Amino acid sequence: MFSETLFSIKTLVFEYLNTMNQSGPLEIKYYNGSRDYGYGNDNYYNNWLYLMGYTYKDMTIGNPLLTSPVYLSGNPDYIRNNRVNAFHFGAAGMFKNLEYNILYTFSHNYGTYYFPFKDKTQHYFLFTCLISNLMPYDFVLGLEMGYDQGN
């Protein structure tokens, strides 16, 4: 069945992630000449509570943009990229008898306060579409394309 609408957007999403601050770098404070505990460097996903990083079987829990230890050489026991500034965009809808889904993510990765990265950016793109009503018998043709680029 052919829709009367030539182009439609059913779903639209925009997300922003910033894990940069983490209370700033570690600072030790002195009061009246005596050393007090410091603050800062919250080190998201790596701290006294999560000694091996906030992971399950070396995969980061809850956020795919924080690099899982399993993907790093030497499999470190911590997450080496927890300071991220990222944008994510997605759209899904119809164009004639083509159902589409577009996803794009851009992230700028800074490592951790202890082991900072110089300049690492990532681009992720995914396009999927399904074309229906081309032939009888409810035949559907699908296409998927992906792109992953970064340093």
# chains A, B, ... in the order shown; residues from 1 in each chain; ligands from 1

call {"tool": "select_by_dssp", "arguments": {"residues": "chain A", "states": "strand (DSSP E)", "output": "mmCIF file with N, CA and C atoms, in the first residue's frame"}}
result
data_model
loop_
_atom_site.group_PDB
_atom_site.id
_atom_site.type_symbol
_atom_site.label_atom_id
_atom_site.label_comp_id
_atom_site.auth_asym_id
_atom_site.auth_seq_id
_atom_site.Cartn_x
_atom_site.Cartn_y
_atom_site.Cartn_z
ATOM 1 N N PHE A 7 7.250 12.244 2.134
ATOM 2 C CA PHE A 7 8.358 12.187 3.087
ATOM 3 C C PHE A 7 7.821 12.446 4.489
ATOM 4 N N SER A 8 8.229 11.616 5.448
ATOM 5 C CA SER A 8 7.813 11.838 6.831
ATOM 6 C C SER A 8 8.933 11.448 7.787
ATOM 7 N N ILE A 9 8.943 12.113 8.934
ATOM 8 C CA ILE A 9 9.863 11.782 10.020
ATOM 9 C C ILE A 9 9.013 11.296 11.184
ATOM 10 N N LYS A 10 9.226 10.033 11.588
ATOM 11 C CA LYS A 10 8.473 9.468 12.708
ATOM 12 C C LYS A 10 9.172 9.725 14.034
ATOM 13 N N THR A 11 10.493 9.639 14.020
ATOM 14 C CA THR A 11 11.272 9.753 15.248
ATOM 15 C C THR A 11 12.486 10.632 15.002
ATOM 16 N N LEU A 12 12.770 11.482 15.959
ATOM 17 C CA LEU A 12 13.933 12.363 15.895
ATOM 18 C C LEU A 12 14.563 12.385 17.281
ATOM 19 N N VAL A 13 15.890 12.242 17.351
ATOM 20 C CA VAL A 13 16.566 12.257 18.646
ATOM 21 C C VAL A 13 17.857 13.065 18.527
ATOM 22 N N PHE A 14 18.150 13.824 19.576
ATOM 23 C CA PHE A 14 19.419 14.538 19.688
ATOM 24 C C PHE A 14 19.887 14.385 21.126
ATOM 25 N N GLU A 15 21.126 13.931 21.300
ATOM 26 C CA GLU A 15 21.678 13.732 22.636
ATOM 27 C C GLU A 15 23.048 14.378 22.723
ATOM 28 N N TYR A 16 23.360 14.893 23.904
ATOM 29 C CA TYR A 16 24.661 15.505 24.161
ATOM 30 C C TYR A 16 25.224 14.873 25.424
ATOM 31 N N LEU A 17 26.490 14.475 25.379
ATOM 32 C CA LEU A 17 27.163 13.872 26.528
ATOM 33 C C LEU A 17 28.437 14.653 26.806
ATOM 34 N N ASN A 18 28.620 15.056 28.066
ATOM 35 C CA ASN A 18 29.841 15.741 28.465
ATOM 36 C C ASN A 18 30.267 15.186 29.818
ATOM 37 N N TYR A 30 45.356 22.580 51.753
ATOM 38 C CA TYR A 30 46.019 22.743 53.043
ATOM 39 C C TYR A 30 45.238 23.760 53.861
ATOM 40 N N TYR A 31 44.942 23.426 55.094
ATOM 41 C CA TYR A 31 44.241 24.327 56.002
ATOM 42 C C TYR A 31 45.088 24.491 57.263
ATOM 43 N N SER A 34 48.165 22.282 57.729
ATOM 44 C CA SER A 34 48.068 20.818 57.684
ATOM 45 C C SER A 34 47.378 20.383 56.393
ATOM 46 N N ARG A 35 47.797 19.255 55.921
ATOM 47 C CA ARG A 35 47.253 18.723 54.672
ATOM 48 C C ARG A 35 45.869 18.131 54.915
ATOM 49 N N THR A 55 32.667 -2.144 34.832
ATOM 50 C CA THR A 55 32.587 -3.039 33.680
ATOM 51 C C THR A 55 31.973 -4.378 34.072
ATOM 52 N N TYR A 56 31.577 -5.105 33.058
ATOM 53 C CA TYR A 56 31.170 -6.497 33.196
ATOM 54 C C TYR A 56 31.854 -7.257 32.070
ATOM 55 N N MET A 59 33.639 -5.114 29.551
ATOM 56 C CA MET A 59 32.827 -4.220 28.720
ATOM 57 C C MET A 59 32.232 -3.133 29.616
ATOM 58 N N THR A 60 32.407 -1.880 29.219
ATOM 59 C CA THR A 60 31.886 -0.757 29.988
ATOM 60 C C THR A 60 30.372 -0.859 30.123
ATOM 61 N N VAL A 84 34.790 12.598 27.827
ATOM 62 C CA VAL A 84 34.241 12.610 26.468
ATOM 63 C C VAL A 84 33.296 13.794 26.308
ATOM 64 N N ASN A 85 33.330 14.380 25.127
ATOM 65 C CA ASN A 85 32.371 15.405 24.726
ATOM 66 C C ASN A 85 31.764 14.896 23.422
ATOM 67 N N ALA A 86 30.455 14.582 23.412
ATOM 68 C CA ALA A 86 29.873 13.897 22.251
ATOM 69 C C ALA A 86 28.480 14.411 21.915
ATOM 70 N N PHE A 87 28.149 14.282 20.633
ATOM 71 C CA PHE A 87 26.823 14.603 20.107
ATOM 72 C C PHE A 87 26.300 13.378 19.363
ATOM 73 N N HIS A 88 25.009 13.118 19.504
ATOM 74 C CA HIS A 88 24.379 12.000 18.796
ATOM 75 C C HIS A 88 23.084 12.499 18.168
ATOM 76 N N PHE A 89 22.870 12.125 16.924
ATOM 77 C CA PHE A 89 21.674 12.523 16.185
ATOM 78 C C PHE A 89 21.077 11.285 15.531
ATOM 79 N N GLY A 90 19.765 11.195 15.549
ATOM 80 C CA GLY A 90 19.094 10.078 14.896
ATOM 81 C C GLY A 90 17.761 10.501 14.320
ATOM 82 N N ALA A 91 17.384 9.880 13.223
ATOM 83 C CA ALA A 91 16.085 10.147 12.595
ATOM 84 C C ALA A 91 15.584 8.856 11.962
ATOM 85 N N ALA A 92 14.276 8.691 11.999
ATOM 86 C CA ALA A 92 13.636 7.539 11.364
ATOM 87 C C ALA A 92 12.333 8.009 10.748
ATOM 88 N N GLY A 93 12.004 7.426 9.614
ATOM 89 C CA GLY A 93 10.763 7.810 8.960
ATOM 90 C C GLY A 93 10.557 7.072 7.656
ATOM 91 N N MET A 94 9.782 7.706 6.778
ATOM 92 C CA MET A 94 9.431 7.109 5.486
ATOM 93 C C MET A 94 9.709 8.098 4.360
ATOM 94 N N PHE A 95 10.142 7.567 3.225
ATOM 95 C CA PHE A 95 10.244 8.320 1.980
ATOM 96 C C PHE A 95 9.624 7.441 0.902
ATOM 97 N N LEU A 98 10.000 3.661 1.143
ATOM 98 C CA LEU A 98 11.285 3.345 1.754
ATOM 99 C C LEU A 98 11.246 3.779 3.224
ATOM 100 N N GLU A 99 11.451 2.829 4.114
ATOM 101 C CA GLU A 99 11.540 3.129 5.543
ATOM 102 C C GLU A 99 13.015 3.289 5.888
ATOM 103 N N TYR A 100 13.395 4.415 6.495
ATOM 104 C CA TYR A 100 14.807 4.695 6.748
ATOM 105 C C TYR A 100 15.081 4.922 8.228
ATOM 106 N N ASN A 101 16.343 4.754 8.580
ATOM 107 C CA ASN A 101 16.839 5.019 9.924
ATOM 108 C C ASN A 101 18.259 5.552 9.767
ATOM 109 N N ILE A 102 18.532 6.738 10.298
ATOM 110 C CA ILE A 102 19.845 7.376 10.185
ATOM 111 C C ILE A 102 20.353 7.678 11.590
ATOM 112 N N LEU A 103 21.583 7.269 11.883
ATOM 113 C CA LEU A 103 22.213 7.551 13.172
ATOM 114 C C LEU A 103 23.607 8.111 12.931
ATOM 115 N N TYR A 104 23.963 9.165 13.655
ATOM 116 C CA TYR A 104 25.306 9.750 13.552
ATOM 117 C C TYR A 104 25.764 10.171 14.942
ATOM 118 N N THR A 105 26.998 9.812 15.288
ATOM 119 C CA THR A 105 27.595 10.194 16.565
ATOM 120 C C THR A 105 28.978 10.763 16.308
ATOM 121 N N PHE A 106 29.260 11.893 16.947
ATOM 122 C CA PHE A 106 30.590 12.501 16.913
ATOM 123 C C PHE A 106 31.073 12.626 18.344
ATOM 124 N N SER A 107 32.278 12.151 18.606
ATOM 125 C CA SER A 107 32.828 12.286 19.959
ATOM 126 C C SER A 107 34.259 12.794 19.904
ATOM 127 N N HIS A 108 34.560 13.645 20.857
ATOM 128 C CA HIS A 108 35.918 14.134 21.075
ATOM 129 C C HIS A 108 36.367 13.486 22.379
ATOM 130 N N ASN A 109 37.455 12.726 22.338
ATOM 131 C CA ASN A 109 37.885 11.898 23.461
ATOM 132 C C ASN A 109 39.165 12.456 24.074
ATOM 133 N N TYR A 110 39.184 12.570 25.398
ATOM 134 C CA TYR A 110 40.307 13.193 26.095
ATOM 135 C C TYR A 110 41.028 12.251 27.050
ATOM 136 N N GLY A 111 40.697 10.968 27.072
ATOM 137 C CA GLY A 111 41.361 10.030 27.969
ATOM 138 C C GLY A 111 40.898 10.215 29.401
ATOM 139 N N PRO A 116 45.943 11.570 29.760
ATOM 140 C CA PRO A 116 45.152 12.295 28.748
ATOM 141 C C PRO A 116 45.536 11.904 27.322
ATOM 142 N N PHE A 117 44.557 11.976 26.418
ATOM 143 C CA PHE A 117 44.801 11.807 24.987
ATOM 144 C C PHE A 117 45.101 13.175 24.405
ATOM 145 N N LYS A 118 45.855 13.190 23.308
ATOM 146 C CA LYS A 118 46.147 14.469 22.661
ATOM 147 C C LYS A 118 44.940 14.972 21.890
ATOM 148 N N ASP A 119 44.607 14.349 20.798
ATOM 149 C CA ASP A 119 43.462 14.788 20.000
ATOM 150 C C ASP A 119 42.841 13.572 19.339
ATOM 151 N N LYS A 120 41.808 13.048 19.948
ATOM 152 C CA LYS A 120 41.143 11.860 19.401
ATOM 153 C C LYS A 120 39.684 12.188 19.140
ATOM 154 N N THR A 121 39.304 12.061 17.893
ATOM 155 C CA THR A 121 37.905 12.259 17.522
ATOM 156 C C THR A 121 37.394 10.994 16.844
ATOM 157 N N GLN A 122 36.112 10.750 16.993
ATOM 158 C CA GLN A 122 35.464 9.585 16.397
ATOM 159 C C GLN A 122 34.199 10.033 15.681
ATOM 160 N N HIS A 123 33.928 9.398 14.555
ATOM 161 C CA HIS A 123 32.686 9.595 13.808
ATOM 162 C C HIS A 123 32.071 8.218 13.587
ATOM 163 N N TYR A 124 30.796 8.078 13.921
ATOM 164 C CA TYR A 124 30.058 6.839 13.690
ATOM 165 C C TYR A 124 28.807 7.192 12.894
ATOM 166 N N PHE A 125 28.554 6.454 11.844
ATOM 167 C CA PHE A 125 27.379 6.714 11.015
ATOM 168 C C PHE A 125 26.736 5.383 10.647
ATOM 169 N N LEU A 126 25.412 5.324 10.717
ATOM 170 C CA LEU A 126 24.680 4.126 10.328
ATOM 171 C C LEU A 126 23.440 4.540 9.555
ATOM 172 N N PHE A 127 23.238 3.910 8.409
ATOM 173 C CA PHE A 127 22.045 4.148 7.598
ATOM 174 C C PHE A 127 21.427 2.800 7.275
ATOM 175 N N THR A 128 20.168 2.644 7.576
ATOM 176 C CA THR A 128 19.442 1.428 7.215
ATOM 177 C C THR A 128 18.154 1.818 6.503
ATOM 178 N N CYS A 129 17.752 0.989 5.577
ATOM 179 C CA CYS A 129 16.472 1.242 4.912
ATOM 180 C C CYS A 129 15.838 -0.084 4.498
ATOM 181 N N LEU A 130 14.530 -0.058 4.451
ATOM 182 C CA LEU A 130 13.732 -1.193 3.994
ATOM 183 C C LEU A 130 12.794 -0.689 2.915
ATOM 184 N N ILE A 131 12.804 -1.358 1.784
ATOM 185 C CA ILE A 131 11.914 -0.994 0.685
ATOM 186 C C ILE A 131 10.874 -2.098 0.563
ATOM 187 N N SER A 132 9.634 -1.706 0.672
ATOM 188 C CA SER A 132 8.559 -2.698 0.595
ATOM 189 C C SER A 132 7.680 -2.419 -0.619
ATOM 190 N N VAL A 140 10.347 -7.730 0.806
ATOM 191 C CA VAL A 140 10.992 -6.540 1.366
ATOM 192 C C VAL A 140 12.483 -6.626 1.087
ATOM 193 N N LEU A 141 13.060 -5.527 0.622
ATOM 194 C CA LEU A 141 14.490 -5.441 0.348
ATOM 195 C C LEU A 141 15.113 -4.505 1.370
ATOM 196 N N GLY A 142 16.209 -4.935 1.989
ATOM 197 C CA GLY A 142 16.865 -4.122 3.012
ATOM 198 C C GLY A 142 18.286 -3.767 2.628
ATOM 199 N N LEU A 143 18.740 -2.626 3.138
ATOM 200 C CA LEU A 143 20.101 -2.148 2.902
ATOM 201 C C LEU A 143 20.612 -1.524 4.190
ATOM 202 N N GLU A 144 21.854 -1.830 4.548
ATOM 203 C CA GLU A 144 22.486 -1.233 5.715
ATOM 204 C C GLU A 144 23.879 -0.776 5.333
ATOM 205 N N MET A 145 24.233 0.429 5.765
ATOM 206 C CA MET A 145 25.575 0.966 5.529
ATOM 207 C C MET A 145 26.073 1.586 6.828
ATOM 208 N N GLY A 146 27.335 1.368 7.132
ATOM 209 C CA GLY A 146 27.922 1.934 8.335
ATOM 210 C C GLY A 146 29.288 2.519 8.052
ATOM 211 N N TYR A 147 29.681 3.457 8.887
ATOM 212 C CA TYR A 147 30.977 4.121 8.750
ATOM 213 C C TYR A 147 31.498 4.409 10.150
ATOM 214 N N ASP A 148 32.756 4.079 10.375
ATOM 215 C CA ASP A 148 33.392 4.301 11.672
ATOM 216 C C ASP A 148 34.775 4.859 11.393
ATOM 217 N N GLN A 149 35.024 6.078 11.822
ATOM 218 C CA GLN A 149 36.307 6.720 11.535
ATOM 219 C C GLN A 149 36.805 7.438 12.776
ATOM 220 N N GLY A 150 38.064 7.286 13.058
ATOM 221 C CA GLY A 150 38.650 7.991 14.194
ATOM 222 C C GLY A 150 40.109 7.640 14.351
#

call {"tool": "closest_residue", "arguments": {"among": "A:Asn133, A:Ser23, A:Thr112, A:Asn47", "to": "A:Thr67", "atoms": "only C-alpha atoms"}}
result
A:Thr112

call {"tool": "closest_residue", "arguments": {"among": "A:Asn21, A:Thr5, A:Asn151, A:Asn43", "to": "A:Asn82", "atoms": "only C-alpha atoms"}}
result
A:Asn43

call {"tool": "decode", "arguments": {"residues": "stretch 100-128 of chain A", "atoms": "N, CA and C atoms", "output": "short mmCIF file (atom, residue, chain, number, x, y, z; two decimals), in the first residue's frame"}}
result
data_model
loop_
_atom_site.label_atom_id
_atom_site.label_comp_id
_atom_site.auth_asym_id
_atom_site.auth_seq_id
_atom_site.Cartn_x
_atom_site.Cartn_y
_atom_site.Cartn_z
N TYR A 100 13.40 4.42 6.49
CA TYR A 100 14.81 4.69 6.75
C TYR A 100 15.08 4.92 8.23
N ASN A 101 16.34 4.75 8.58
CA ASN A 101 16.84 5.02 9.92
C ASN A 101 18.26 5.55 9.77
N ILE A 102 18.53 6.74 10.30
CA ILE A 102 19.84 7.38 10.18
C ILE A 102 20.35 7.68 11.59
N LEU A 103 21.58 7.27 11.88
CA LEU A 103 22.21 7.55 13.17
C LEU A 103 23.61 8.11 12.93
N TYR A 104 23.96 9.17 13.65
CA TYR A 104 25.31 9.75 13.55
C TYR A 104 25.76 10.17 14.94
N THR A 105 27.00 9.81 15.29
CA THR A 105 27.60 10.19 16.56
C THR A 105 28.98 10.76 16.31
N PHE A 106 29.26 11.89 16.95
CA PHE A 106 30.59 12.50 16.91
C PHE A 106 31.07 12.63 18.34
N SER A 107 32.28 12.15 18.61
CA SER A 107 32.83 12.29 19.96
C SER A 107 34.26 12.79 19.90
N HIS A 108 34.56 13.64 20.86
CA HIS A 108 35.92 14.13 21.08
C HIS A 108 36.37 13.49 22.38
N ASN A 109 37.46 12.73 22.34
CA ASN A 109 37.88 11.90 23.46
C ASN A 109 39.17 12.46 24.07
N TYR A 110 39.18 12.57 25.40
CA TYR A 110 40.31 13.19 26.09
C TYR A 110 41.03 12.25 27.05
N GLY A 111 40.70 10.97 27.07
CA GLY A 111 41.36 10.03 27.97
C GLY A 111 40.90 10.22 29.40
N THR A 112 41.85 10.18 30.35
CA THR A 112 41.56 10.44 31.77
C THR A 112 42.46 11.58 32.22
N TYR A 113 42.24 12.07 33.45
CA TYR A 113 43.12 13.11 33.97
C TYR A 113 44.55 12.58 34.13
N TYR A 114 44.69 11.31 34.51
CA TYR A 114 46.03 10.74 34.69
C TYR A 114 46.72 10.42 33.38
N PHE A 115 45.96 9.97 32.39
CA PHE A 115 46.51 9.60 31.08
C PHE A 115 45.71 10.28 29.98
N PRO A 116 45.94 11.57 29.76
CA PRO A 116 45.15 12.29 28.75
C PRO A 116 45.54 11.90 27.32
N PHE A 117 44.56 11.98 26.42
CA PHE A 117 44.80 11.81 24.99
C PHE A 117 45.10 13.17 24.40
N LYS A 118 45.86 13.19 23.31
CA LYS A 118 46.15 14.47 22.66
C LYS A 118 44.94 14.97 21.89
N ASP A 119 44.61 14.35 20.80
CA ASP A 119 43.46 14.79 20.00
C ASP A 119 42.84 13.57 19.34
N LYS A 120 41.81 13.05 19.95
CA LYS A 120 41.14 11.86 19.40
C LYS A 120 39.68 12.19 19.14
N THR A 121 39.30 12.06 17.89
CA THR A 121 37.91 12.26 17.52
C THR A 121 37.39 10.99 16.84
N GLN A 122 36.11 10.75 16.99
CA GLN A 122 35.46 9.58 16.40
C GLN A 122 34.20 10.03 15.68
N HIS A 123 33.93 9.40 14.55
CA HIS A 123 32.69 9.59 13.81
C HIS A 123 32.07 8.22 13.59
N TYR A 124 30.80 8.08 13.92
CA TYR A 124 30.06 6.84 13.69
C TYR A 124 28.81 7.19 12.89
N PHE A 125 28.55 6.45 11.84
CA PHE A 125 27.38 6.71 11.01
C PHE A 125 26.74 5.38 10.65
N LEU A 126 25.41 5.32 10.72
CA LEU A 126 24.68 4.13 10.33
C LEU A 126 23.44 4.54 9.55
N PHE A 127 23.24 3.91 8.41
CA PHE A 127 22.04 4.15 7.60
C PHE A 127 21.43 2.80 7.27
N THR A 128 20.17 2.64 7.58
CA THR A 128 19.44 1.43 7.21
C THR A 128 18.15 1.82 6.50
#
